[in-house]
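Coordinates from data20.pdb are shown below (PDB, N, CA and C atoms and all ligand atoms).
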```
MODEL        1
ATOM      1  N   MET A   1      88.376  94.452  85.458
ATOM      2  CA  MET A   1      88.462  95.901  85.213
ATOM      3  C   MET A   1      89.285  96.584  86.292
ATOM      4  N   ILE A   2      88.939  96.283  87.526
ATOM      5  CA  ILE A   2      89.639  96.937  88.633
ATOM      6  C   ILE A   2      91.106  96.500  88.657
ATOM      7  N   GLU A   3      91.361  95.263  88.287
ATOM      8  CA  GLU A   3      92.744  94.786  88.259
ATOM      9  C   GLU A   3      93.569  95.602  87.272
ATOM     10  N   LEU A   4      92.965  95.926  86.149
ATOM     11  CA  LEU A   4      93.650  96.747  85.149
ATOM     12  C   LEU A   4      94.043  98.096  85.722
ATOM     13  N   ALA A   5      93.085  98.729  86.355
ATOM     14  CA  ALA A   5      93.345 100.053  86.914
ATOM     15  C   ALA A   5      94.422  99.975  87.982
ATOM     16  N   ILE A   6      94.378  98.927  88.776
ATOM     17  CA  ILE A   6      95.379  98.782  89.827
ATOM     18  C   ILE A   6      96.757  98.606  89.198
ATOM     19  N   GLY A   7      96.818  97.805  88.145
ATOM     20  CA  GLY A   7      98.088  97.605  87.476
ATOM     21  C   GLY A   7      98.710  98.908  87.007
ATOM     22  N   VAL A   8      97.879  99.820  86.547
ATOM     23  CA  VAL A   8      98.369 101.096  86.054
ATOM     24  C   VAL A   8      99.003 101.917  87.171
ATOM     25  N   VAL A   9      98.370 101.922  88.330
ATOM     26  CA  VAL A   9      98.886 102.763  89.406
ATOM     27  C   VAL A   9      99.936 102.056  90.267
ATOM     28  N   LEU A  10      99.977 100.732  90.186
ATOM     29  CA  LEU A  10     100.895  99.983  91.049
ATOM     30  C   LEU A  10     102.340 100.407  90.873
ATOM     31  N   GLY A  11     102.766 100.545  89.635
ATOM     32  CA  GLY A  11     104.150 100.885  89.374
ATOM     33  C   GLY A  11     104.584 102.130  90.123
ATOM     34  N   GLY A  12     103.767 103.160  90.037
ATOM     35  CA  GLY A  12     104.094 104.404  90.709
ATOM     36  C   GLY A  12     104.092 104.265  92.216
ATOM     37  N   MET A  13     103.124 103.515  92.740
ATOM     38  CA  MET A  13     103.036 103.331  94.178
ATOM     39  C   MET A  13     104.223 102.530  94.697
ATOM     40  N   VAL A  14     104.606 101.519  93.930
ATOM     41  CA  VAL A  14     105.720 100.675  94.357
ATOM     42  C   VAL A  14     107.001 101.484  94.421
ATOM     43  N   SER A  15     107.258 102.270  93.410
ATOM     44  CA  SER A  15     108.501 103.035  93.443
ATOM     45  C   SER A  15     108.439 104.116  94.522
ATOM     46  N   TRP A  16     107.234 104.600  94.802
ATOM     47  CA  TRP A  16     107.094 105.586  95.871
ATOM     48  C   TRP A  16     107.426 104.945  97.224
ATOM     49  N   ILE A  17     106.907 103.753  97.447
ATOM     50  CA  ILE A  17     107.185 103.056  98.707
ATOM     51  C   ILE A  17     108.686 102.814  98.859
ATOM     52  N   VAL A  18     109.302 102.335  97.780
ATOM     53  CA  VAL A  18     110.735 102.036  97.852
ATOM     54  C   VAL A  18     111.519 103.295  98.184
ATOM     55  N   SER A  19     111.216 104.371  97.498
ATOM     56  CA  SER A  19     112.016 105.574  97.726
ATOM     57  C   SER A  19     111.777 106.146  99.120
ATOM     58  N   HIS A  20     110.540 106.079  99.596
ATOM     59  CA  HIS A  20     110.271 106.649 100.915
ATOM     60  C   HIS A  20     110.744 105.747 102.048
ATOM     61  N   THR A  21     110.696 104.441 101.808
ATOM     62  CA  THR A  21     111.078 103.525 102.880
ATOM     63  C   THR A  21     112.587 103.408 102.993
ATOM     64  N   TYR A  22     113.246 103.377 101.867
ATOM     65  CA  TYR A  22     114.675 103.069 101.908
ATOM     66  C   TYR A  22     115.565 104.300 101.763
ATOM     67  N   TYR A  23     115.031 105.393 101.329
ATOM     68  CA  TYR A  23     115.890 106.562 101.135
ATOM     69  C   TYR A  23     115.516 107.735 102.032
ATOM     70  N   LYS A  24     114.301 107.771 102.498
ATOM     71  CA  LYS A  24     113.888 108.936 103.293
ATOM     72  C   LYS A  24     113.234 108.489 104.591
ATOM     73  N   LYS A  25     113.742 107.423 105.135
ATOM     74  CA  LYS A  25     113.102 106.751 106.246
ATOM     75  C   LYS A  25     112.700 107.697 107.393
ATOM     76  N   SER A  26     113.600 108.553 107.778
ATOM     77  CA  SER A  26     113.355 109.330 108.983
ATOM     78  C   SER A  26     112.451 110.537 108.754
ATOM     79  N   SER A  27     112.386 111.015 107.537
ATOM     80  CA  SER A  27     111.746 112.311 107.323
ATOM     81  C   SER A  27     110.309 112.203 106.831
ATOM     82  N   THR A  28     109.843 110.972 106.618
ATOM     83  CA  THR A  28     108.538 110.842 105.989
ATOM     84  C   THR A  28     107.526 110.166 106.900
ATOM     85  N   GLU A  29     106.359 110.727 106.932
ATOM     86  CA  GLU A  29     105.270 110.061 107.629
ATOM     87  C   GLU A  29     104.650 109.065 106.666
ATOM     88  N   ILE A  30     104.577 107.821 107.091
ATOM     89  CA  ILE A  30     104.070 106.775 106.210
ATOM     90  C   ILE A  30     102.548 106.752 106.276
ATOM     91  N   PRO A  31     101.893 106.859 105.125
ATOM     92  CA  PRO A  31     100.424 106.831 105.153
ATOM     93  C   PRO A  31      99.898 105.456 105.545
ATOM     94  N   ASP A  32      98.673 105.433 106.065
ATOM     95  CA  ASP A  32      98.096 104.198 106.592
ATOM     96  C   ASP A  32      98.074 103.065 105.571
ATOM     97  N   TRP A  33      97.764 103.405 104.334
ATOM     98  CA  TRP A  33      97.612 102.339 103.343
ATOM     99  C   TRP A  33      98.931 101.625 103.093
ATOM    100  N   ALA A  34     100.047 102.296 103.316
ATOM    101  CA  ALA A  34     101.348 101.702 103.014
ATOM    102  C   ALA A  34     101.927 100.943 104.194
ATOM    103  N   LYS A  35     101.377 101.168 105.371
ATOM    104  CA  LYS A  35     101.964 100.571 106.572
ATOM    105  C   LYS A  35     102.017  99.043 106.546
ATOM    106  N   PRO A  36     100.898  98.367 106.182
ATOM    107  CA  PRO A  36     100.961  96.895 106.201
ATOM    108  C   PRO A  36     102.043  96.360 105.277
ATOM    109  N   ILE A  37     102.277  97.064 104.188
ATOM    110  CA  ILE A  37     103.307  96.605 103.254
ATOM    111  C   ILE A  37     104.688  96.883 103.820
ATOM    112  N   ILE A  38     104.869  98.075 104.316
ATOM    113  CA  ILE A  38     106.188  98.472 104.798
ATOM    114  C   ILE A  38     106.607  97.621 105.991
ATOM    115  N   GLU A  39     105.623  97.261 106.826
ATOM    116  CA  GLU A  39     105.950  96.410 107.969
ATOM    117  C   GLU A  39     106.461  95.036 107.549
ATOM    118  N   LYS A  40     106.040  94.591 106.377
ATOM    119  CA  LYS A  40     106.437  93.260 105.927
ATOM    120  C   LYS A  40     107.683  93.279 105.048
ATOM    121  N   LEU A  41     108.200  94.452 104.792
ATOM    122  CA  LEU A  41     109.357  94.536 103.911
ATOM    123  C   LEU A  41     110.592  93.962 104.588
ATOM    124  N   PRO A  42     111.418  93.307 103.802
ATOM    125  CA  PRO A  42     112.691  92.830 104.356
ATOM    126  C   PRO A  42     113.627  94.010 104.624
ATOM    127  N   ASN A  43     114.675  93.745 105.366
ATOM    128  CA  ASN A  43     115.607  94.822 105.686
ATOM    129  C   ASN A  43     116.370  95.307 104.458
ATOM    130  N   ASN A  44     116.622  94.380 103.575
ATOM    131  CA  ASN A  44     117.284  94.785 102.342
ATOM    132  C   ASN A  44     116.234  95.226 101.333
ATOM    133  N   LYS A  45     116.650  96.064 100.440
ATOM    134  CA  LYS A  45     115.723  96.579  99.433
ATOM    135  C   LYS A  45     115.143  95.426  98.614
ATOM    136  N   PRO A  46     113.812  95.289  98.609
ATOM    137  CA  PRO A  46     113.196  94.184  97.867
ATOM    138  C   PRO A  46     113.177  94.468  96.372
ATOM    139  N   THR A  47     113.004  93.424  95.618
ATOM    140  CA  THR A  47     112.850  93.611  94.192
ATOM    141  C   THR A  47     111.432  94.103  93.908
ATOM    142  N   LYS A  48     111.240  94.607  92.718
ATOM    143  CA  LYS A  48     109.916  95.082  92.334
ATOM    144  C   LYS A  48     108.905  93.938  92.371
ATOM    145  N   ASP A  49     109.348  92.738  91.980
ATOM    146  CA  ASP A  49     108.459  91.579  92.004
ATOM    147  C   ASP A  49     107.993  91.259  93.422
ATOM    148  N   GLN A  50     108.929  91.342  94.357
ATOM    149  CA  GLN A  50     108.568  91.082  95.756
ATOM    150  C   GLN A  50     107.548  92.100  96.248
ATOM    151  N   LEU A  51     107.761  93.344  95.881
ATOM    152  CA  LEU A  51     106.837  94.400  96.295
ATOM    153  C   LEU A  51     105.459  94.192  95.684
ATOM    154  N   LEU A  52     105.445  93.844  94.411
ATOM    155  CA  LEU A  52     104.159  93.630  93.746
ATOM    156  C   LEU A  52     103.410  92.477  94.403
ATOM    157  N   LYS A  53     104.162  91.459  94.796
ATOM    158  CA  LYS A  53     103.549  90.306  95.446
ATOM    159  C   LYS A  53     102.941  90.736  96.788
ATOM    160  N   LEU A  54     103.687  91.511  97.555
ATOM    161  CA  LEU A  54     103.169  92.019  98.822
ATOM    162  C   LEU A  54     101.902  92.838  98.596
ATOM    163  N   PHE A  55     101.964  93.669  97.584
ATOM    164  CA  PHE A  55     100.828  94.515  97.241
ATOM    165  C   PHE A  55      99.596  93.667  96.927
ATOM    166  N   GLU A  56      99.811  92.651  96.117
ATOM    167  CA  GLU A  56      98.697  91.770  95.740
ATOM    168  C   GLU A  56      98.097  91.101  96.967
ATOM    169  N   GLU A  57      98.975  90.633  97.860
ATOM    170  CA  GLU A  57      98.483  89.962  99.063
ATOM    171  C   GLU A  57      97.640  90.910  99.913
ATOM    172  N   GLU A  58      98.091  92.146 100.009
ATOM    173  CA  GLU A  58      97.350  93.128 100.803
ATOM    174  C   GLU A  58      96.023  93.468 100.153
ATOM    175  N   LEU A  59      96.018  93.517  98.831
ATOM    176  CA  LEU A  59      94.771  93.795  98.110
ATOM    177  C   LEU A  59      93.779  92.665  98.312
ATOM    178  N   ILE A  60      94.277  91.433  98.203
ATOM    179  CA  ILE A  60      93.396  90.268  98.334
ATOM    180  C   ILE A  60      92.845  90.190  99.754
ATOM    181  N   SER A  61      93.681  90.484 100.727
ATOM    182  CA  SER A  61      93.239  90.381 102.114
ATOM    183  C   SER A  61      92.395  91.582 102.533
ATOM    184  N   GLY A  62      92.333  92.586 101.694
ATOM    185  CA  GLY A  62      91.476  93.733 101.986
ATOM    186  C   GLY A  62      92.138  94.814 102.816
ATOM    187  N   ASN A  63      93.417  94.668 103.098
ATOM    188  CA  ASN A  63      94.109  95.698 103.865
ATOM    189  C   ASN A  63      94.289  96.980 103.054
ATOM    190  N   ILE A  64      94.389  96.810 101.742
ATOM    191  CA  ILE A  64      94.466  97.966 100.865
ATOM    192  C   ILE A  64      93.201  97.983 100.019
ATOM    193  N   ARG A  65      92.516  99.097 100.064
ATOM    194  CA  ARG A  65      91.292  99.189  99.282
ATOM    195  C   ARG A  65      91.412 100.324  98.281
ATOM    196  N   PRO A  66      91.647 100.011  97.045
ATOM    197  CA  PRO A  66      91.744 101.072  96.048
ATOM    198  C   PRO A  66      90.395 101.719  95.806
ATOM    199  N   ASP A  67      90.437 102.937  95.355
ATOM    200  CA  ASP A  67      89.193 103.617  95.019
ATOM    201  C   ASP A  67      88.460 102.802  93.957
ATOM    202  N   PRO A  68      87.154 102.503  94.181
ATOM    203  CA  PRO A  68      86.445 101.609  93.265
ATOM    204  C   PRO A  68      86.251 102.181  91.869
ATOM    205  N   ILE A  69      86.329 103.476  91.727
ATOM    206  CA  ILE A  69      86.105 104.079  90.412
ATOM    207  C   ILE A  69      87.416 104.384  89.697
ATOM    208  N   LEU A  70      88.333 105.016  90.380
ATOM    209  CA  LEU A  70      89.581 105.401  89.731
ATOM    210  C   LEU A  70      90.662 104.327  89.827
ATOM    211  N   GLY A  71      90.541 103.451  90.832
ATOM    212  CA  GLY A  71      91.553 102.426  91.000
ATOM    213  C   GLY A  71      92.772 102.885  91.783
ATOM    214  N   TYR A  72      92.787 104.133  92.215
ATOM    215  CA  TYR A  72      93.933 104.612  92.978
ATOM    216  C   TYR A  72      93.938 104.016  94.375
ATOM    217  N   VAL A  73      95.110 103.677  94.824
ATOM    218  CA  VAL A  73      95.265 103.203  96.192
ATOM    219  C   VAL A  73      95.410 104.398  97.129
ATOM    220  N   ALA A  74      95.986 105.453  96.592
ATOM    221  CA  ALA A  74      96.215 106.642  97.400
ATOM    222  C   ALA A  74      96.190 107.862  96.496
ATOM    223  N   CYS A  75      96.091 109.020  97.122
ATOM    224  CA  CYS A  75      96.100 110.265  96.362
ATOM    225  C   CYS A  75      97.421 110.386  95.594
ATOM    226  N   PRO A  76      97.362 110.639  94.284
ATOM    227  CA  PRO A  76      98.593 110.745  93.507
ATOM    228  C   PRO A  76      99.466 111.927  93.945
ATOM    229  N   LYS A  77      98.862 112.887  94.596
ATOM    230  CA  LYS A  77      99.610 114.093  94.960
ATOM    231  C   LYS A  77     100.185 114.014  96.384
ATOM    232  N   CYS A  78      99.319 113.733  97.356
ATOM    233  CA  CYS A  78      99.801 113.770  98.749
ATOM    234  C   CYS A  78      99.862 112.392  99.390
ATOM    235  N   LYS A  79      99.449 111.334  98.672
ATOM    236  CA  LYS A  79      99.524 109.947  99.146
ATOM    237  C   LYS A  79      98.580 109.650 100.307
ATOM    238  N   ALA A  80      97.587 110.483 100.502
ATOM    239  CA  ALA A  80      96.568 110.160 101.501
ATOM    240  C   ALA A  80      95.788 108.936 101.029
ATOM    241  N   ASN A  81      95.205 108.233 101.968
ATOM    242  CA  ASN A  81      94.450 107.029 101.645
ATOM    243  C   ASN A  81      93.298 107.332 100.685
ATOM    244  N   ALA A  82      93.126 106.479  99.680
ATOM    245  CA  ALA A  82      92.072 106.695  98.688
ATOM    246  C   ALA A  82      90.678 106.609  99.295
ATOM    247  N   THR A  83      90.555 105.955 100.443
ATOM    248  CA  THR A  83      89.243 105.868 101.076
ATOM    249  C   THR A  83      88.802 107.230 101.621
ATOM    250  N   ASP A  84      89.728 108.187 101.680
ATOM    251  CA  ASP A  84      89.369 109.540 102.121
ATOM    252  C   ASP A  84      88.748 110.382 101.007
ATOM    253  N   PHE A  85      88.859 109.938  99.784
ATOM    254  CA  PHE A  85      88.372 110.735  98.654
ATOM    255  C   PHE A  85      86.891 111.083  98.816
ATOM    256  N   GLU A  86      86.562 112.292  98.393
ATOM    257  CA  GLU A  86      85.167 112.693  98.367
ATOM    258  C   GLU A  86      84.668 112.618  96.926
ATOM    259  N   SER A  87      83.447 112.145  96.765
ATOM    260  CA  SER A  87      82.899 111.965  95.428
ATOM    261  C   SER A  87      81.797 112.973  95.158
ATOM    262  N   THR A  88      81.820 113.537  93.966
ATOM    263  CA  THR A  88      80.733 114.386  93.512
ATOM    264  C   THR A  88      80.238 113.805  92.190
ATOM    265  N   VAL A  89      78.944 113.613  92.085
ATOM    266  CA  VAL A  89      78.390 113.037  90.865
ATOM    267  C   VAL A  89      77.612 114.108  90.127
ATOM    268  N   VAL A  90      77.943 114.309  88.863
ATOM    269  CA  VAL A  90      77.215 115.265  88.041
ATOM    270  C   VAL A  90      76.808 114.583  86.742
ATOM    271  N   GLY A  91      75.831 115.163  86.082
ATOM    272  CA  GLY A  91      75.464 114.605  84.792
ATOM    273  C   GLY A  91      73.976 114.374  84.656
ATOM    274  N   ASN A  92      73.629 113.687  83.582
ATOM    275  CA  ASN A  92      72.232 113.400  83.308
ATOM    276  C   ASN A  92      72.105 111.913  82.990
ATOM    277  N   ASN A  93      70.999 111.530  82.369
ATOM    278  CA  ASN A  93      70.792 110.112  82.083
ATOM    279  C   ASN A  93      71.804 109.544  81.088
ATOM    280  N   ASP A  94      72.318 110.384  80.227
ATOM    281  CA  ASP A  94      73.244 109.899  79.207
ATOM    282  C   ASP A  94      74.683 109.868  79.699
ATOM    283  N   HIS A  95      75.036 110.860  80.470
ATOM    284  CA  HIS A  95      76.429 110.949  80.917
ATOM    285  C   HIS A  95      76.477 111.177  82.421
ATOM    286  N   THR A  96      77.260 110.386  83.062
ATOM    287  CA  THR A  96      77.465 110.583  84.492
ATOM    288  C   THR A  96      78.958 110.772  84.736
ATOM    289  N   ILE A  97      79.289 111.872  85.339
ATOM    290  CA  ILE A  97      80.683 112.155  85.651
ATOM    291  C   ILE A  97      80.852 112.094  87.163
ATOM    292  N   VAL A  98      81.837 111.359  87.585
ATOM    293  CA  VAL A  98      82.162 111.324  89.002
ATOM    294  C   VAL A  98      83.459 112.104  89.203
ATOM    295  N   ILE A  99      83.388 113.067  90.094
ATOM    296  CA  ILE A  99      84.575 113.846  90.423
ATOM    297  C   ILE A  99      85.070 113.386  91.787
ATOM    298  N   LYS A 100      86.287 112.917  91.810
ATOM    299  CA  LYS A 100      86.902 112.488  93.067
ATOM    300  C   LYS A 100      87.852 113.585  93.531
ATOM    301  N   THR A 101      87.704 113.963  94.775
ATOM    302  CA  THR A 101      88.543 115.033  95.311
ATOM    303  C   THR A 101      89.248 114.553  96.569
ATOM    304  N   CYS A 102      90.511 114.888  96.685
ATOM    305  CA  CYS A 102      91.248 114.579  97.909
ATOM    306  C   CYS A 102      91.061 115.730  98.890
ATOM    307  N   PRO A 103      90.491 115.445 100.063
ATOM    308  CA  PRO A 103      90.231 116.519 101.036
ATOM    309  C   PRO A 103      91.512 117.059 101.672
ATOM    310  N   HIS A 104      92.622 116.378 101.493
ATOM    311  CA  HIS A 104      93.859 116.773 102.165
ATOM    312  C   HIS A 104      94.677 117.776 101.355
ATOM    313  N   CYS A 105      94.661 117.626 100.036
ATOM    314  CA  CYS A 105      95.518 118.503  99.229
ATOM    315  C   CYS A 105      94.757 119.179  98.101
ATOM    316  N   GLY A 106      93.492 118.798  97.898
ATOM    317  CA  GLY A 106      92.710 119.448  96.857
ATOM    318  C   GLY A 106      92.822 118.806  95.490
ATOM    319  N   TRP A 107      93.607 117.760  95.376
ATOM    320  CA  TRP A 107      93.733 117.055  94.102
ATOM    321  C   TRP A 107      92.368 116.542  93.673
ATOM    322  N   SER A 108      92.088 116.574  92.369
ATOM    323  CA  SER A 108      90.848 115.968  91.921
ATOM    324  C   SER A 108      91.001 115.407  90.533
ATOM    325  N   GLU A 109      90.165 114.438  90.253
ATOM    326  CA  GLU A 109      90.149 113.838  88.915
ATOM    327  C   GLU A 109      88.727 113.417  88.635
ATOM    328  N   ASP A 110      88.297 113.617  87.403
ATOM    329  CA  ASP A 110      86.939 113.191  87.068
ATOM    330  C   ASP A 110      86.984 112.108  86.008
ATOM    331  N   THR A 111      85.959 111.314  86.030
ATOM    332  CA  THR A 111      85.868 110.235  85.064
ATOM    333  C   THR A 111      84.412 109.965  84.755
ATOM    334  N   GLU A 112      84.157 109.567  83.523
ATOM    335  CA  GLU A 112      82.785 109.237  83.145
ATOM    336  C   GLU A 112      82.527 107.792  83.518
ATOM    337  N   VAL A 113      81.369 107.547  84.124
ATOM    338  CA  VAL A 113      81.060 106.177  84.532
ATOM    339  C   VAL A 113      79.809 105.672  83.824
TER     340      VAL A 113
HETATM  341 ZN    ZN B   1      95.834 114.473  98.264
ENDMDL
END
```
Will you turn the file into structure tokens for me?
Ligand SMILES: [Zn+2]
Amino acid sequence: MIELAIGVVLGGMVSWIVSHTYYKKSSTEIPDWAKPIIEKLPNNKPTKDQLLKLFEEELISGNIRPDPILGYVACPKCKANATDFESTVVGNNDHTIVIKTCPHCGWSEDTEV
């Protein structure tokens, strides 16, 4: 299940890393979750497959911890680490909604669990 969710967000994260690492190197602060990957990147622009492989290795080794409910590695809006998310649980016995909020930019998303 979690692998599925990661697959959905990986594409966006990978292209974000590529664009920030190779096109905006000097102007961007690299978030913590991306550092282990960026440090291992070759000097030349890697292929998407290479990036995905790096991502997988970091996930397996535990350096990247996606949000256990949403599967996000980082905030979709400000790219803060997903481990910073705040959770609010609402609902009753039949329905439980978890609201995840990013404390840095106010982004939030809810999902039924
Ligand atoms: Zn955010």
TODO: Within 6 Å of ligand ZN 1 (chain B), which residues show up when you count all atoms listed in the file? List them as a PyMOL selection string, please.
DONE: chain A and resi 75-80+102-107
Open item on the list: I'd like the interatomic distance between CA of Asp67 (chain A) and CA of Gly91 (chain A), to a tenth of an Å.
Closed with: 20.3 Å
Task: Within-10 Å shell of (84.5, 114.5, 85.4) in input frame, only C-alpha atoms, as a PyMOL selection string - done: chain A and resi 88-91+95-100+108-113
Output file for the residues above (N, CA and C atoms, as a PDB file, in the coordinates of the input):
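Written output follows (selection-v9.pdb):
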```pdb
ATOM      1  N   THR A  88      81.820 113.537  93.966  1.00  0.00           N
ATOM      2  CA  THR A  88      80.733 114.386  93.512  1.00  0.00           C
ATOM      3  C   THR A  88      80.238 113.805  92.190  1.00  0.00           C
ATOM      4  N   VAL A  89      78.944 113.613  92.085  1.00  0.00           N
ATOM      5  CA  VAL A  89      78.390 113.037  90.865  1.00  0.00           C
ATOM      6  C   VAL A  89      77.612 114.108  90.127  1.00  0.00           C
ATOM      7  N   VAL A  90      77.943 114.309  88.863  1.00  0.00           N
ATOM      8  CA  VAL A  90      77.215 115.265  88.041  1.00  0.00           C
ATOM      9  C   VAL A  90      76.808 114.583  86.742  1.00  0.00           C
ATOM     10  N   GLY A  91      75.831 115.163  86.082  1.00  0.00           N
ATOM     11  CA  GLY A  91      75.464 114.605  84.792  1.00  0.00           C
ATOM     12  C   GLY A  91      73.976 114.374  84.656  1.00  0.00           C
ATOM     13  N   HIS A  95      75.036 110.860  80.470  1.00  0.00           N
ATOM     14  CA  HIS A  95      76.429 110.949  80.917  1.00  0.00           C
ATOM     15  C   HIS A  95      76.477 111.177  82.421  1.00  0.00           C
ATOM     16  N   THR A  96      77.260 110.386  83.062  1.00  0.00           N
ATOM     17  CA  THR A  96      77.465 110.583  84.492  1.00  0.00           C
ATOM     18  C   THR A  96      78.958 110.772  84.736  1.00  0.00           C
ATOM     19  N   ILE A  97      79.289 111.872  85.339  1.00  0.00           N
ATOM     20  CA  ILE A  97      80.683 112.155  85.651  1.00  0.00           C
ATOM     21  C   ILE A  97      80.852 112.094  87.163  1.00  0.00           C
ATOM     22  N   VAL A  98      81.837 111.359  87.585  1.00  0.00           N
ATOM     23  CA  VAL A  98      82.162 111.324  89.002  1.00  0.00           C
ATOM     24  C   VAL A  98      83.459 112.104  89.203  1.00  0.00           C
ATOM     25  N   ILE A  99      83.388 113.067  90.094  1.00  0.00           N
ATOM     26  CA  ILE A  99      84.575 113.846  90.423  1.00  0.00           C
ATOM     27  C   ILE A  99      85.070 113.386  91.787  1.00  0.00           C
ATOM     28  N   LYS A 100      86.287 112.917  91.810  1.00  0.00           N
ATOM     29  CA  LYS A 100      86.902 112.488  93.067  1.00  0.00           C
ATOM     30  C   LYS A 100      87.852 113.585  93.531  1.00  0.00           C
ATOM     31  N   SER A 108      92.088 116.574  92.369  1.00  0.00           N
ATOM     32  CA  SER A 108      90.848 115.968  91.921  1.00  0.00           C
ATOM     33  C   SER A 108      91.001 115.407  90.533  1.00  0.00           C
ATOM     34  N   GLU A 109      90.165 114.438  90.253  1.00  0.00           N
ATOM     35  CA  GLU A 109      90.149 113.838  88.915  1.00  0.00           C
ATOM     36  C   GLU A 109      88.727 113.417  88.635  1.00  0.00           C
ATOM     37  N   ASP A 110      88.297 113.617  87.403  1.00  0.00           N
ATOM     38  CA  ASP A 110      86.939 113.191  87.068  1.00  0.00           C
ATOM     39  C   ASP A 110      86.984 112.108  86.008  1.00  0.00           C
ATOM     40  N   THR A 111      85.959 111.314  86.030  1.00  0.00           N
ATOM     41  CA  THR A 111      85.868 110.235  85.064  1.00  0.00           C
ATOM     42  C   THR A 111      84.412 109.965  84.755  1.00  0.00           C
ATOM     43  N   GLU A 112      84.157 109.567  83.523  1.00  0.00           N
ATOM     44  CA  GLU A 112      82.785 109.237  83.145  1.00  0.00           C
ATOM     45  C   GLU A 112      82.527 107.792  83.518  1.00  0.00           C
ATOM     46  N   VAL A 113      81.369 107.547  84.124  1.00  0.00           N
ATOM     47  CA  VAL A 113      81.060 106.177  84.532  1.00  0.00           C
ATOM     48  C   VAL A 113      79.809 105.672  83.824  1.00  0.00           C
TER      49      VAL A 113
END
```
Open item on the list: From a backbone DSSP assignment, name each residue in chain A labelled alpha helix (DSSP H), as a ChimeraX atom specification.
Closed with: /A:2-22,35-40,48-61
- [ ] Select, from A:Met13, A:Val18, A:Ser87, A:Asn81, the residue with the minimum atom-to-atom distance to Pro46 (chain A), counting all atoms listed in the file.
- [x]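 Using all atoms listed in the file, Pro46 (chain A) sits closest to A:Val18.
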I need region 53-67 of chain A written out with C-alpha atoms, as a short mmCIF file (atom, residue, chain, number, x, y, z; two decimals), in the first residue's frame; please produce it.
```cif
data_model
loop_
_atom_site.label_atom_id
_atom_site.label_comp_id
_atom_site.auth_asym_id
_atom_site.auth_seq_id
_atom_site.Cartn_x
_atom_site.Cartn_y
_atom_site.Cartn_z
CA LYS A 53 16.97 4.00 -7.73
CA LEU A 54 18.61 6.47 -5.34
CA PHE A 55 15.21 7.27 -3.91
CA GLU A 56 14.44 3.60 -3.34
CA GLU A 57 17.76 3.05 -1.62
CA GLU A 58 17.14 5.97 0.71
CA LEU A 59 13.64 4.72 1.48
CA ILE A 60 14.89 1.22 2.24
CA SER A 61 17.69 2.51 4.44
CA GLY A 62 15.26 4.75 6.30
CA ASN A 63 16.91 8.04 5.42
CA ILE A 64 13.68 9.15 3.81
CA ARG A 65 10.52 8.54 5.75
CA PRO A 66 7.33 9.27 3.89
CA ASP A 67 4.25 10.22 5.80
#
```
